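K.L.:
Dropping in target-v6.cif, which is mmCIF, C-alpha atoms:
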```cif
data_entry
loop_
_atom_site.label_atom_id
_atom_site.label_comp_id
_atom_site.auth_asym_id
_atom_site.auth_seq_id
_atom_site.Cartn_x
_atom_site.Cartn_y
_atom_site.Cartn_z
CA MET F 8 19.82 7.16 32.44
CA ALA F 9 18.25 4.73 34.94
CA GLU F 10 20.01 1.44 35.50
CA LYS F 11 18.15 -1.49 33.95
CA LYS F 12 18.24 -5.15 34.91
CA ARG F 13 19.57 -7.00 31.88
CA ALA F 14 19.79 -10.64 30.83
CA PRO F 15 23.23 -12.28 31.20
CA ARG F 16 23.86 -12.32 27.44
CA ASN F 17 22.55 -8.80 26.82
CA ARG F 18 25.18 -6.89 24.81
CA THR F 19 23.63 -3.41 25.00
CA ILE F 20 26.30 -0.70 25.32
CA THR F 21 26.01 1.06 28.67
CA LEU F 22 27.95 3.67 30.64
CA THR F 23 29.39 3.68 34.13
CA PRO F 24 29.53 6.96 36.08
CA GLU F 25 33.31 6.96 35.53
CA GLU F 26 32.87 6.55 31.78
CA ILE F 27 30.36 9.40 31.66
CA GLU F 28 32.83 11.68 33.42
CA HIS F 29 35.64 10.58 31.08
CA TYR F 30 33.72 10.97 27.82
CA GLN F 31 32.05 14.25 28.78
CA ALA F 32 35.51 15.81 28.93
CA GLY F 33 35.95 15.20 25.19
CA LEU F 34 32.65 16.71 24.05
CA VAL F 35 32.62 20.00 22.14
CA GLN F 36 30.48 23.07 22.84
CA LEU F 37 30.51 26.06 20.52
CA SER F 38 30.32 29.65 21.73
CA GLY F 39 30.85 31.27 18.33
CA PRO F 40 31.71 30.52 14.68
CA ALA F 41 33.82 27.36 14.50
CA GLU F 42 36.60 26.18 12.22
CA VAL F 43 36.33 22.71 10.70
CA SER F 44 39.35 21.59 12.73
CA GLU F 45 37.44 22.32 15.96
CA ILE F 46 34.59 19.92 15.18
CA GLU F 47 36.19 17.35 12.87
CA ASN F 48 35.86 13.85 14.37
CA LYS F 49 34.12 15.39 17.37
CA THR F 50 30.70 15.22 19.02
CA ILE F 51 28.98 18.55 19.66
CA ASN F 52 26.84 18.45 22.81
CA GLN F 53 24.39 21.31 22.23
CA ASP F 54 21.00 22.24 20.90
CA LEU F 55 21.30 22.22 17.10
CA PHE F 56 19.04 25.24 16.73
CA ALA F 57 21.27 27.31 19.05
CA ILE F 58 24.45 26.68 17.04
CA LEU F 59 23.30 26.49 13.43
CA ASP F 60 24.98 29.79 12.65
CA TYR F 61 28.25 28.66 14.28
CA LEU F 62 28.86 25.73 11.91
CA PRO F 63 31.50 26.29 9.19
CA PRO F 64 30.28 26.89 5.63
CA SER F 65 30.67 24.36 2.79
CA PHE F 66 32.43 21.62 4.75
CA VAL F 67 30.00 18.66 4.57
CA ASP F 68 30.09 16.10 1.75
CA LEU F 69 27.32 13.88 3.12
CA LEU F 70 24.53 15.10 5.40
CA PHE F 71 22.44 12.45 7.17
CA ILE F 72 19.35 13.87 8.89
CA ASP F 73 17.26 11.73 11.23
CA PRO F 74 14.96 14.30 12.85
CA PRO F 75 12.18 13.55 15.34
CA TYR F 76 9.28 12.01 13.45
CA ASN F 77 5.82 13.50 13.76
CA LEU F 78 4.78 11.65 16.91
CA THR F 79 5.09 12.24 20.63
CA LYS F 80 8.28 10.59 21.84
CA SER F 81 10.91 11.13 24.53
CA PHE F 82 14.61 11.18 23.68
CA GLY F 83 16.48 11.14 26.96
CA SER F 84 16.11 14.63 28.39
CA THR F 85 13.91 16.00 25.57
CA THR F 86 10.43 15.20 24.23
CA PHE F 87 8.98 15.88 20.77
CA LYS F 88 5.23 16.48 20.54
CA GLN F 89 3.08 15.26 17.65
CA ARG F 90 1.46 18.01 15.59
CA SER F 91 -0.51 18.42 12.38
CA ILE F 92 1.23 17.72 9.07
CA GLU F 93 1.20 21.43 8.24
CA GLU F 94 2.70 22.32 11.62
CA TYR F 95 5.37 19.65 11.21
CA LYS F 96 6.18 21.05 7.76
CA LEU F 97 6.55 24.56 9.22
CA TRP F 98 8.79 23.21 12.00
CA PHE F 99 10.99 21.33 9.52
CA GLU F 100 11.31 24.33 7.21
CA SER F 101 12.16 26.63 10.13
CA TRP F 102 15.65 25.10 10.37
CA PHE F 103 16.27 22.89 7.32
CA PRO F 104 17.26 25.67 4.84
CA LYS F 105 19.71 27.15 7.37
CA LEU F 106 21.52 23.82 7.52
CA LEU F 107 22.17 23.68 3.78
CA ARG F 108 24.89 26.35 3.79
CA ILE F 109 27.27 23.79 5.36
CA LEU F 110 27.13 21.61 2.22
CA THR F 111 29.72 21.39 -0.53
CA PRO F 112 28.49 21.90 -4.14
CA THR F 113 28.60 18.12 -4.77
CA ALA F 114 27.10 17.03 -1.44
CA SER F 115 24.34 14.48 -0.90
CA VAL F 116 21.60 14.68 1.73
CA TYR F 117 19.62 11.78 3.20
CA ILE F 118 16.53 12.64 5.29
CA CYS F 119 14.68 10.03 7.36
CA GLY F 120 10.94 9.99 8.01
CA ASP F 121 7.91 7.80 8.51
CA TRP F 122 4.39 7.91 7.09
CA ARG F 123 3.43 10.74 9.43
CA SER F 124 6.30 13.00 8.39
CA SER F 125 7.51 11.85 4.96
CA ALA F 126 5.10 13.95 2.88
CA ALA F 127 6.08 17.15 4.72
CA ILE F 128 9.78 16.35 4.33
CA HIS F 129 9.32 15.79 0.60
CA GLN F 130 7.52 19.10 0.09
CA VAL F 131 10.21 21.08 1.89
CA ALA F 132 13.23 19.24 0.49
CA GLU F 133 12.17 19.68 -3.14
CA LYS F 134 12.21 23.48 -2.66
CA TYR F 135 15.93 23.49 -1.93
CA LEU F 136 17.50 20.30 -3.31
CA VAL F 137 17.36 17.87 -6.21
CA ILE F 138 15.40 14.84 -5.03
CA GLN F 139 16.99 11.73 -6.55
CA ASN F 140 14.93 8.97 -4.94
CA ARG F 141 12.90 7.78 -1.99
CA ILE F 142 14.25 4.72 -0.20
CA THR F 143 11.83 2.60 1.81
CA TRP F 144 13.29 0.22 4.35
CA GLU F 145 11.61 -2.53 6.31
CA ARG F 146 11.66 -1.85 10.03
CA GLU F 147 10.63 -5.28 11.25
CA LYS F 148 10.16 -4.63 14.95
CA GLY F 149 7.35 -4.14 17.41
CA ARG F 150 3.94 -5.66 18.00
CA GLY F 151 1.12 -5.84 15.50
CA ALA F 152 -1.89 -3.53 15.46
CA LYS F 153 -5.43 -4.88 15.87
CA THR F 154 -7.24 -2.00 14.15
CA ASN F 155 -4.67 -0.99 11.53
CA TRP F 156 -1.81 -2.28 9.40
CA LYS F 157 1.36 -2.84 11.40
CA ASN F 158 3.77 0.04 10.81
CA CYS F 159 7.04 -1.60 9.74
CA SER F 160 8.51 0.69 7.09
CA GLU F 161 10.29 4.03 7.03
CA ASP F 162 11.43 6.37 4.27
CA ILE F 163 14.75 8.01 3.50
CA TRP F 164 14.73 10.84 0.96
CA PHE F 165 17.92 10.84 -1.13
CA CYS F 166 18.70 14.39 -2.29
CA THR F 167 21.65 16.23 -3.80
CA VAL F 168 22.75 19.85 -4.03
CA SER F 169 23.10 19.55 -7.81
CA LYS F 170 23.29 16.98 -10.59
CA ASP F 171 27.00 16.60 -9.88
CA TYR F 172 27.27 14.16 -6.98
CA VAL F 173 28.94 10.94 -5.81
CA PHE F 174 27.23 7.58 -6.13
CA ASN F 175 29.39 4.47 -5.76
CA VAL F 176 26.99 1.77 -6.91
CA GLU F 177 29.66 -0.94 -6.91
CA ALA F 178 30.23 -0.39 -3.18
CA VAL F 179 26.67 -1.23 -2.13
CA LYS F 180 25.83 -4.46 -3.92
CA LEU F 181 23.75 -7.08 -2.15
CA ARG F 182 24.43 -10.83 -2.01
CA ARG F 183 21.11 -12.66 -2.48
CA ARG F 184 20.30 -16.34 -2.36
CA VAL F 185 19.26 -17.73 -5.74
CA ILE F 186 15.87 -19.45 -5.58
CA ALA F 187 15.66 -20.30 -9.30
CA PRO F 188 19.22 -21.19 -10.42
CA TYR F 189 18.97 -20.71 -14.19
CA LYS F 190 21.79 -22.01 -16.37
CA ASP F 191 22.98 -21.11 -19.86
CA GLU F 192 23.18 -23.43 -22.86
CA HIS F 193 26.45 -24.86 -21.52
CA SER F 194 24.87 -25.69 -18.12
CA ARG F 195 26.85 -22.95 -16.41
CA PRO F 196 25.32 -20.68 -13.76
CA LYS F 197 23.65 -17.68 -15.37
CA ASP F 198 24.45 -14.51 -13.41
CA TRP F 199 24.91 -16.37 -10.13
CA ILE F 200 27.63 -18.08 -8.14
CA LYS F 201 27.60 -21.74 -7.12
CA SER F 202 29.46 -22.71 -3.96
CA ALA F 203 29.45 -25.27 -1.20
CA THR F 204 27.59 -22.77 0.97
CA GLY F 205 24.74 -22.29 -1.50
CA ASN F 206 23.85 -20.38 -4.64
CA PHE F 207 24.18 -16.60 -4.59
CA ARG F 208 23.75 -13.65 -6.91
CA ILE F 209 25.43 -10.27 -6.46
CA THR F 210 22.76 -7.71 -7.30
CA TYR F 211 22.65 -3.95 -7.74
CA PRO F 212 20.96 -2.01 -4.93
CA SER F 213 17.35 -0.87 -5.18
CA ASN F 214 15.34 1.69 -3.23
CA MET F 215 13.59 -1.09 -1.28
CA TRP F 216 15.75 -2.28 1.62
CA THR F 217 14.56 -5.51 3.26
CA ASP F 218 17.91 -6.71 4.61
CA LEU F 219 18.09 -4.53 7.73
CA THR F 220 17.46 -5.35 11.37
CA VAL F 221 16.71 -2.73 14.02
CA PRO F 222 19.31 -3.14 16.81
CA PHE F 223 18.17 -5.32 19.69
CA TRP F 224 19.61 -6.60 22.97
CA SER F 225 21.97 -9.30 21.63
CA MET F 226 23.55 -7.11 18.96
CA PRO F 227 26.82 -5.47 20.06
CA GLU F 228 25.87 -2.14 18.46
CA ASN F 229 22.69 -1.81 20.53
CA THR F 230 22.13 1.12 22.92
CA ASP F 231 19.15 2.35 24.91
CA HIS F 232 18.37 5.08 22.37
CA PRO F 233 14.69 4.62 21.37
CA THR F 234 15.12 5.20 17.61
CA GLN F 235 18.62 3.92 16.90
CA LYS F 236 19.33 3.22 13.21
CA PRO F 237 21.24 0.06 12.23
CA GLU F 238 24.94 0.45 11.44
CA LYS F 239 24.24 -1.48 8.24
CA LEU F 240 21.79 1.21 7.07
CA LEU F 241 24.38 3.94 7.57
CA ALA F 242 27.02 1.82 5.83
CA LYS F 243 24.85 1.71 2.71
CA VAL F 244 24.39 5.48 2.73
CA ILE F 245 28.02 6.32 3.48
CA LEU F 246 29.55 3.88 1.00
CA ALA F 247 27.18 4.96 -1.77
CA SER F 248 27.39 8.72 -1.33
CA SER F 249 30.86 9.58 -0.06
CA ARG F 250 34.51 8.82 -0.68
CA PRO F 251 37.18 7.90 1.88
CA GLY F 252 38.24 11.06 3.70
CA ASP F 253 34.96 12.89 3.00
CA MET F 254 33.13 14.68 5.82
CA VAL F 255 29.90 13.08 7.08
CA PHE F 256 27.66 15.20 9.33
CA ASP F 257 24.61 14.28 11.43
CA PRO F 258 22.71 17.13 13.13
CA PHE F 259 20.52 14.75 15.20
CA LEU F 260 23.27 12.33 16.17
CA GLY F 261 21.50 10.34 18.88
CA SER F 262 23.76 7.57 20.15
CA GLY F 263 26.23 8.13 17.34
CA THR F 264 25.64 5.50 14.66
CA THR F 265 26.46 7.91 11.82
CA SER F 266 29.80 8.94 13.32
CA VAL F 267 30.70 5.36 14.29
CA VAL F 268 30.07 3.95 10.81
CA ALA F 269 31.82 6.90 9.17
CA LYS F 270 34.88 6.17 11.30
CA LYS F 271 34.78 2.45 10.50
CA LEU F 272 34.65 3.25 6.78
CA GLY F 273 37.49 5.79 6.76
CA ARG F 274 35.46 9.01 6.58
CA ARG F 275 35.73 12.14 8.72
CA TYR F 276 32.70 12.85 10.85
CA SER F 277 30.93 15.28 13.14
CA GLY F 278 27.50 15.54 14.70
CA VAL F 279 25.27 17.42 17.12
CA GLU F 280 23.31 15.88 19.99
CA ILE F 281 21.57 17.76 22.81
CA ASP F 282 21.51 14.88 25.32
CA SER F 283 24.86 14.43 27.09
CA THR F 284 24.30 10.75 27.89
CA TYR F 285 23.77 9.92 24.23
CA CYS F 286 26.89 11.96 23.43
CA CYS F 287 28.88 9.84 25.88
CA LEU F 288 27.48 6.67 24.31
CA THR F 289 28.67 8.01 20.96
CA GLU F 290 32.16 8.57 22.33
CA LYS F 291 32.28 5.08 23.85
CA ARG F 292 31.19 3.53 20.55
CA LEU F 293 33.82 5.55 18.71
CA ALA F 294 36.44 4.25 21.15
CA LEU F 295 35.28 0.68 20.55
CA ALA F 296 35.52 1.29 16.79
CA GLU F 297 39.26 1.85 17.19
CA HIS F 298 39.61 -1.92 17.60
CA ASP F 299 36.49 -3.33 15.94
CA LYS F 300 35.56 -2.05 12.49
CA THR F 301 33.09 -4.82 11.67
CA ILE F 302 29.59 -3.92 10.50
CA GLN F 303 27.02 -6.64 10.98
CA GLY F 304 25.61 -7.86 7.69
CA TYR F 305 28.44 -6.30 5.64
CA GLU F 306 31.45 -8.48 4.86
CA ASP F 307 34.14 -8.67 2.18
CA GLY F 308 32.77 -5.58 0.43
CA VAL F 309 29.25 -7.00 0.02
CA PHE F 310 25.99 -6.61 1.95
CA TRP F 311 24.27 -9.84 2.98
CA GLU F 312 20.59 -10.62 3.17
CA ARG F 313 18.97 -10.67 6.58
CA ASN F 314 19.03 -14.04 8.37
CA SER F 315 21.96 -15.38 6.35
CA LEU F 316 24.29 -16.22 9.24
CA PRO F 317 24.83 -19.93 8.34
CA ALA F 318 25.90 -19.07 4.80
CA GLN F 319 28.16 -16.27 6.03
CA LYS F 320 29.87 -18.58 8.51
CA ALA F 321 30.37 -21.28 5.90
CA LEU F 322 31.75 -18.82 3.38
CA ALA F 323 34.07 -17.43 6.04
CA GLN F 324 35.46 -20.91 6.59
CA GLU F 325 35.95 -21.38 2.85
CA LYS F 326 37.84 -18.11 2.54
CA HIS F 327 39.69 -18.50 5.87
CA TYR F 328 38.79 -15.09 7.23
CA HIS F 329 37.27 -14.14 10.55
CA LEU F 330 33.57 -13.33 10.73
CA PRO F 331 31.96 -11.58 13.73
CA LEU F 332 30.27 -13.96 16.14
CA PHE F 333 26.90 -12.28 15.78
CA ALA F 334 25.86 -11.65 12.20
CA GLU F 335 23.21 -9.05 11.45
CA GLY F 336 19.65 -10.13 11.94
CA ILE F 337 20.16 -13.38 13.87
CA LYS F 338 18.64 -13.34 17.35
CA GLU F 339 20.31 -15.08 20.20
CA GLY F 340 18.53 -17.30 22.68
#
```
Show me, as structure tokens, the structure contained in the file I just sent.
P.N.:
Amino acid sequence: MAEKKRAPRNRTITLTPEEIEHYQAGLVQLSGPAEVSEIENKTINQDLFAILDYLPPSFVDLLFIDPPYNLTKSFGSTTFKQRSIEEYKLWFESWFPKLLRILTPTASVYICGDWRSSAAIHQVAEKYLVIQNRITWEREKGRGAKTNWKNCSEDIWFCTVSKDYVFNVEAVKLRRRVIAPYKDEHSRPKDWIKSATGNFRITYPSNMWTDLTVPFWSMPENTDHPTQKPEKLLAKVILASSRPGDMVFDPFLGSGTTSVVAKKLGRRYSGVEIDSTYCCLTEKRLALAEHDKTIQGYEDGVFWERNSLPAQKALAQEKHYHLPLFAEGIKEG
């Protein structure tokens, strides 16, 4: 990966040649059918389609799939070419069913897509799984378009193997600011909390996520991967659809966000990534997670709204606990 000139306060995670050599030594490559112990808490540096048959059966409790979307884009050493919707559907179905044998009977599957690929994903997924919902999240990044609506949303299809699955709704509540602080007949807050830092309501999660920020240069989770998902997004998925100790698997691991968040939240993890540099970034982030388990925008068991840093800092002072210097969604400088 070419060396970039970065601003003094840029916190993007990078690799030195020595780190690349060090982390490459810990990567896994499969030459035949593997046992779970061989890939548990490991990063597999290979082409997914070459090793699909080598993965153990029925070992994954939560499968997070973030495949190339239907547009032409380079990912390190590989490039995906845009194609027709029908061709994308055929490509997706050429490997997706083969991946399902690694799931446990109570497993959940989350599949990412955008408007160019979401319809094809839906049509294929419903053939093999129970579709529970479609999550839409606001991807507020990039320039506007002069001849079209700005594309700032993506989909995540929430599927399960059966009707018997894990969903921990209490673990993914959102703390929202109260704009209209209604009170009951005794002048007490009605379904909201009054504090010196402001008025807040703890709400149940919906399938519309507007509290996420795509990683950027001043966020300590940021890497040079072109389609990196926020750690906060993965935290929602992992907390909702797995239990501590469960196995989380990502077949298009990228720079490792799924594995990193799984580790921070006490889950086992594994993933496949073809690009060795991204694999090394994953391993470096996993090493950093040994000492820093914070997830920006998630604190004290509750997810915070985007751009709520002042309230988070004030609440941290009230409760006398440490809060990370850079809260999710607040740009520096």
K.L.:
Using only the atoms of region 72-89 of chain F listed in the file, plus 4 Å on each side, state the axis-aligned box centre and edge lengths in Å rounded to one decimal, as AutoDock Vina command-line options.
P.N.:
```
--center_x 11.2 --center_y 13.5 --center_z 18.6 --size_x 24.3 --size_y 13.9 --size_z 27.5
```
K.L.:
Quick check, in Å to one decimal: how far apart do CA of Val173 (chain F) and CA of Ser249 (chain F) lie?
P.N.:
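Pair CA of Val173 (chain F) / CA of Ser249 (chain F) returns 6.2 Å.
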K.L.:
For the provided coordinates, the residues matched by the PyMOL selection byres ((chain F and resi 167) around 10) should be stated as a short mmCIF file (atom, residue, chain, number, x, y, z; two decimals) with C-alpha atoms, in the frame of the given file.
P.N.:
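part-v7.cif, freshly written:
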```cif
data_model
loop_
_atom_site.label_atom_id
_atom_site.label_comp_id
_atom_site.auth_asym_id
_atom_site.auth_seq_id
_atom_site.Cartn_x
_atom_site.Cartn_y
_atom_site.Cartn_z
CA LEU F 69 27.32 13.88 3.12
CA LEU F 70 24.53 15.10 5.40
CA LEU F 110 27.13 21.61 2.22
CA PRO F 112 28.49 21.90 -4.14
CA THR F 113 28.60 18.12 -4.77
CA ALA F 114 27.10 17.03 -1.44
CA SER F 115 24.34 14.48 -0.90
CA VAL F 116 21.60 14.68 1.73
CA TYR F 117 19.62 11.78 3.20
CA ALA F 132 13.23 19.24 0.49
CA TYR F 135 15.93 23.49 -1.93
CA LEU F 136 17.50 20.30 -3.31
CA VAL F 137 17.36 17.87 -6.21
CA ILE F 138 15.40 14.84 -5.03
CA GLN F 139 16.99 11.73 -6.55
CA ASN F 140 14.93 8.97 -4.94
CA TRP F 164 14.73 10.84 0.96
CA PHE F 165 17.92 10.84 -1.13
CA CYS F 166 18.70 14.39 -2.29
CA VAL F 168 22.75 19.85 -4.03
CA SER F 169 23.10 19.55 -7.81
CA LYS F 170 23.29 16.98 -10.59
CA ASP F 171 27.00 16.60 -9.88
CA TYR F 172 27.27 14.16 -6.98
CA VAL F 173 28.94 10.94 -5.81
CA SER F 248 27.39 8.72 -1.33
#
```
K.L.:
Can you work out the spacing between CA of Cys159 (chain F) and CA of Val268 (chain F) in Å, to one decimal?
P.N.:
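One can read the CA of Cys159 (chain F) to CA of Val268 (chain F) distance as 23.7 Å.
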K.L.:
Rounded to one decimal place, report the CA of Gly304 (chain F)-CA of Ser125 (chain F) distance in Å.
P.N.:
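Calculated distance between CA of Gly304 (chain F) and CA of Ser125 (chain F) is 26.9 Å.
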